[in-house]
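Here's run-v6.txt, which has compact mmCIF, C-alpha atoms:
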```txt
# COMPACT_ATOMS: atom_id res chain seq x y z
CA LYS A 1 67.36 -0.72 -53.27
CA ASN A 2 69.31 -3.88 -52.47
CA SER A 3 72.65 -2.31 -53.38
CA ILE A 4 71.92 0.70 -51.15
CA GLY A 5 71.07 -1.71 -48.35
CA GLU A 6 74.32 -3.57 -49.03
CA LEU A 7 76.34 -0.32 -49.02
CA LYS A 8 74.66 0.82 -45.80
CA SER A 9 75.46 -2.50 -44.11
CA PHE A 10 79.25 -2.26 -44.61
CA GLY A 11 80.89 -2.32 -41.19
CA LYS A 12 84.07 -0.66 -42.41
CA PRO A 13 83.57 0.45 -46.01
CA PRO A 14 86.38 1.49 -48.34
CA PRO A 15 87.18 5.18 -47.64
CA GLU A 16 86.17 6.02 -51.22
CA CYS A 17 82.62 4.90 -50.46
CA ILE A 18 82.49 7.24 -47.47
CA ASP A 19 83.57 10.16 -49.70
CA VAL A 20 80.89 9.34 -52.26
CA CYS A 21 78.25 9.18 -49.53
CA ALA A 22 79.56 12.46 -48.09
CA CYS A 23 79.07 14.08 -51.50
CA ALA A 24 75.51 12.77 -51.58
CA GLY A 25 75.04 14.17 -48.07
CA PHE A 26 76.19 17.60 -49.21
CA LEU A 27 73.78 17.54 -52.15
CA LEU A 28 70.74 15.98 -50.50
CA ARG A 29 70.97 17.36 -46.98
CA ASN A 30 73.03 20.55 -47.43
CA GLU A 31 75.39 19.11 -44.83
CA LYS A 32 77.75 21.76 -43.45
CA LYS A 33 80.55 19.29 -42.85
CA LYS A 34 81.57 16.06 -44.53
CA LEU A 35 79.53 13.09 -43.29
CA ASP A 36 81.35 10.31 -41.51
CA TRP A 37 80.30 6.70 -42.08
CA LYS A 38 77.75 6.73 -39.24
CA GLY A 39 76.15 9.85 -40.74
CA ALA A 40 76.12 8.22 -44.17
CA GLN A 41 74.47 5.09 -42.78
CA LYS A 42 71.85 7.24 -41.06
CA MET A 43 71.20 9.06 -44.36
CA MET A 44 70.64 5.70 -46.10
CA ASN A 45 68.75 4.18 -43.16
CA ASN A 46 65.60 3.62 -45.23
CA PRO A 47 66.94 2.61 -48.69
CA MET A 48 63.64 3.26 -50.53
CA ALA A 49 63.21 6.70 -48.96
CA PHE A 50 66.86 7.47 -49.77
CA ILE A 51 66.37 6.42 -53.41
CA ASP A 52 63.22 8.57 -53.59
CA GLU A 53 65.20 11.50 -52.18
CA VAL A 54 67.90 10.99 -54.83
CA LYS A 55 65.28 10.81 -57.59
CA ALA A 56 63.51 13.94 -56.35
CA PHE A 57 66.71 16.00 -56.01
CA ASN A 58 66.51 19.40 -57.72
CA ALA A 59 69.91 20.05 -59.29
CA ASN A 60 68.75 23.49 -60.42
CA VAL A 61 69.43 24.82 -56.93
CA ILE A 62 72.77 23.92 -55.32
CA PRO A 63 74.20 26.48 -52.87
CA ASP A 64 77.71 27.74 -53.72
CA GLN A 65 79.36 26.25 -50.64
CA ILE A 66 77.78 22.85 -51.30
CA LEU A 67 79.01 23.06 -54.88
CA LYS A 68 82.56 23.80 -53.67
CA ASP A 69 82.43 20.91 -51.20
CA CYS A 70 81.20 18.54 -53.93
CA ASP A 71 83.74 19.79 -56.47
CA ALA A 72 86.54 18.99 -54.00
CA LEU A 73 85.30 15.40 -53.64
CA ILE A 74 84.47 14.90 -57.33
CA ALA A 75 88.02 16.02 -58.21
CA LEU A 76 89.48 13.04 -56.33
CA PRO A 77 90.97 10.50 -58.77
CA PHE A 78 88.72 7.62 -57.66
CA PHE A 79 85.47 9.61 -57.88
CA ASN A 80 84.08 8.02 -61.04
CA TYR A 81 81.80 5.15 -61.95
CA GLU A 82 84.51 2.83 -63.28
CA THR A 83 86.76 3.03 -60.23
CA MET A 84 83.91 2.96 -57.73
CA LYS A 85 82.16 -0.09 -59.19
CA SER A 86 85.02 -2.26 -57.90
CA LYS A 87 84.27 -0.92 -54.40
CA SER A 88 80.45 -0.94 -54.46
CA GLY A 89 77.81 -0.89 -57.18
CA ALA A 90 75.66 1.50 -55.15
CA ALA A 91 78.59 3.83 -54.48
CA ALA A 92 79.45 3.76 -58.20
CA ASN A 93 75.91 4.78 -59.12
CA LEU A 94 75.86 7.41 -56.39
CA ALA A 95 79.17 8.82 -57.65
CA ASN A 96 77.78 8.97 -61.18
CA TRP A 97 74.63 10.69 -59.90
CA ALA A 98 76.62 13.29 -57.94
CA ILE A 99 78.93 14.03 -60.88
CA ASN A 100 75.98 14.46 -63.24
CA CYS A 101 74.01 16.63 -60.78
CA VAL A 102 76.98 19.00 -60.43
CA LYS A 103 77.59 19.08 -64.21
CA TYR A 104 73.90 19.72 -64.87
CA HIS A 105 73.81 22.52 -62.28
CA LYS A 106 76.84 24.26 -63.79
CA ILE A 107 75.18 24.21 -67.21
CA TYR A 108 71.78 25.19 -65.81
CA VAL A 109 73.06 28.34 -64.09
CA LYS A 110 74.43 29.53 -67.44
CA VAL A 111 71.33 28.57 -69.43
CA ALA A 112 68.61 29.66 -66.94
CA PRO A 113 69.07 33.41 -67.57
CA LEU A 114 68.92 32.75 -71.32
CA MET A 115 65.73 30.72 -70.86
CA ALA A 116 64.23 33.62 -68.87
CA LYS A 117 65.12 36.03 -71.68
CA VAL A 118 63.49 33.73 -74.25
CA GLU A 119 60.38 33.50 -72.06
CA GLU A 120 60.22 37.30 -71.73
CA ALA A 121 60.76 37.77 -75.48
CA THR A 122 58.02 35.23 -76.22
CA ARG A 123 55.63 37.02 -73.84
CA THR A 124 56.46 40.40 -75.44
CA LYS A 125 55.93 38.94 -78.92
CA THR A 126 52.57 37.46 -77.90
CA GLU A 127 51.44 40.79 -76.46
CA ALA A 128 52.62 42.63 -79.59
CA GLU A 129 50.78 40.16 -81.84
CA ALA A 130 47.59 40.67 -79.80
CA SER A 131 47.93 44.48 -80.12
CA LEU A 132 48.62 44.13 -83.84
CA ALA A 133 45.48 42.02 -84.27
CA ILE A 134 43.40 44.74 -82.59
CA VAL A 135 44.92 47.45 -84.81
CA MET A 136 44.47 45.32 -87.94
CA GLN A 137 40.79 44.81 -87.04
CA LYS A 138 40.36 48.56 -86.57
CA VAL A 139 42.03 49.19 -89.96
CA ALA A 140 39.75 46.62 -91.59
CA ASP A 141 36.69 48.25 -89.96
CA ILE A 142 37.78 51.73 -91.16
CA GLU A 143 38.48 50.42 -94.68
CA ALA A 144 35.05 48.79 -94.74
CA GLU A 145 33.44 52.06 -93.57
CA CYS A 146 35.38 53.99 -96.26
CA ALA A 147 34.21 51.54 -98.93
CA ARG A 148 30.63 51.89 -97.72
CA LEU A 149 30.86 55.70 -97.78
CA ASP A 150 32.48 55.62 -101.26
CA GLU A 151 29.67 53.42 -102.48
CA LYS A 152 27.09 55.76 -100.97
CA LEU A 153 28.83 58.81 -102.47
CA ASN A 154 29.28 57.33 -105.93
CA GLY A 155 26.35 55.08 -105.89
```
Is it possible to give me this structure as structure tokens?
Amino acid sequence: KNSIGELKSFGKPPPECIDVCACAGFLLRNEKKKLDWKGAQKMMNNPMAFIDEVKAFNANVIPDQILKDCDALIALPFFNYETMKSKSGAAANLANWAINCVKYHKIYVKVAPLMAKVEEATRTKTEAEASLAIVMQKVADIEAECARLDEKLNG
């Protein structure tokens, strides 16, 4: 919270910090254009609410254009934790968060269809097992009836 407040209070931050905040703006607010510093400050106006927004972010759903905009920023040579921590601790953590959200999303979009297939296969298996149990019970009932009739016939 304090480091976000510190980042927000920069009068003229390093340009790298603005790019990191712009990436966060793309992800959190679906910004159509890259945020300038005033827009970034507005986004971080309430540091606790901003942190809550970051924590609540759903990286499963990132629109294609937002992903392209973020990829362009993340590809910049300074856009990493190590380089950014010399500029601002909050910007370094924000850069790390953005990088990991984008990486997660790219993996998720490949895995999600597979997860859906597993879910469908599991549902089909459960239904088949339930049908099998019904049939097995009917077979057991018929076998019991046959045994009773055999006993009656031979008895």
Q: Mind giving me the straight-line distance from atom CA of A:Ser86 to atom CA of A:Asn30 in Å, one decimal?
A: 27.8 Å
Q. Hey, which of A:Lys138, A:His105, A:Lys12, A:Lys68 ends up closest to A:Lys32? Count all atoms listed in the file.
A.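 Ranking A:Lys138, A:His105, A:Lys12, A:Lys68 by distance to A:Lys32, first place goes to A:Lys68.
Proximity of A:Lys125, A:Lys33, A:Lys87, A:Lys110 to A:Cys70, computed with only C-alpha atoms, is greatest for A:Lys33.
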(Q) Between atom CA of A:Val109 and atom CA of A:Asn60, what is the distance in Å, rounded to a tenth? (A)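 It comes out at 7.5 Å.
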Q.
I'd like the neighbourhood of A:Phe50 as a ChimeraX atom specification, where a residue qualifies if any of its atoms comes within 12 Å (using only C-alpha atoms), though same-chain residues fewer than 6 positions away should be ignored.
A. /A:1-5,8,21,24-25,28-29,40-44,56-57,90,94
(Q) Could you check the closest approach to A:Leu76 for each of A:Ile99, A:Arg123, A:Leu149, A:Gly11 and tell me which residue wins, using all atoms listed in the file? (A) A:Ile99
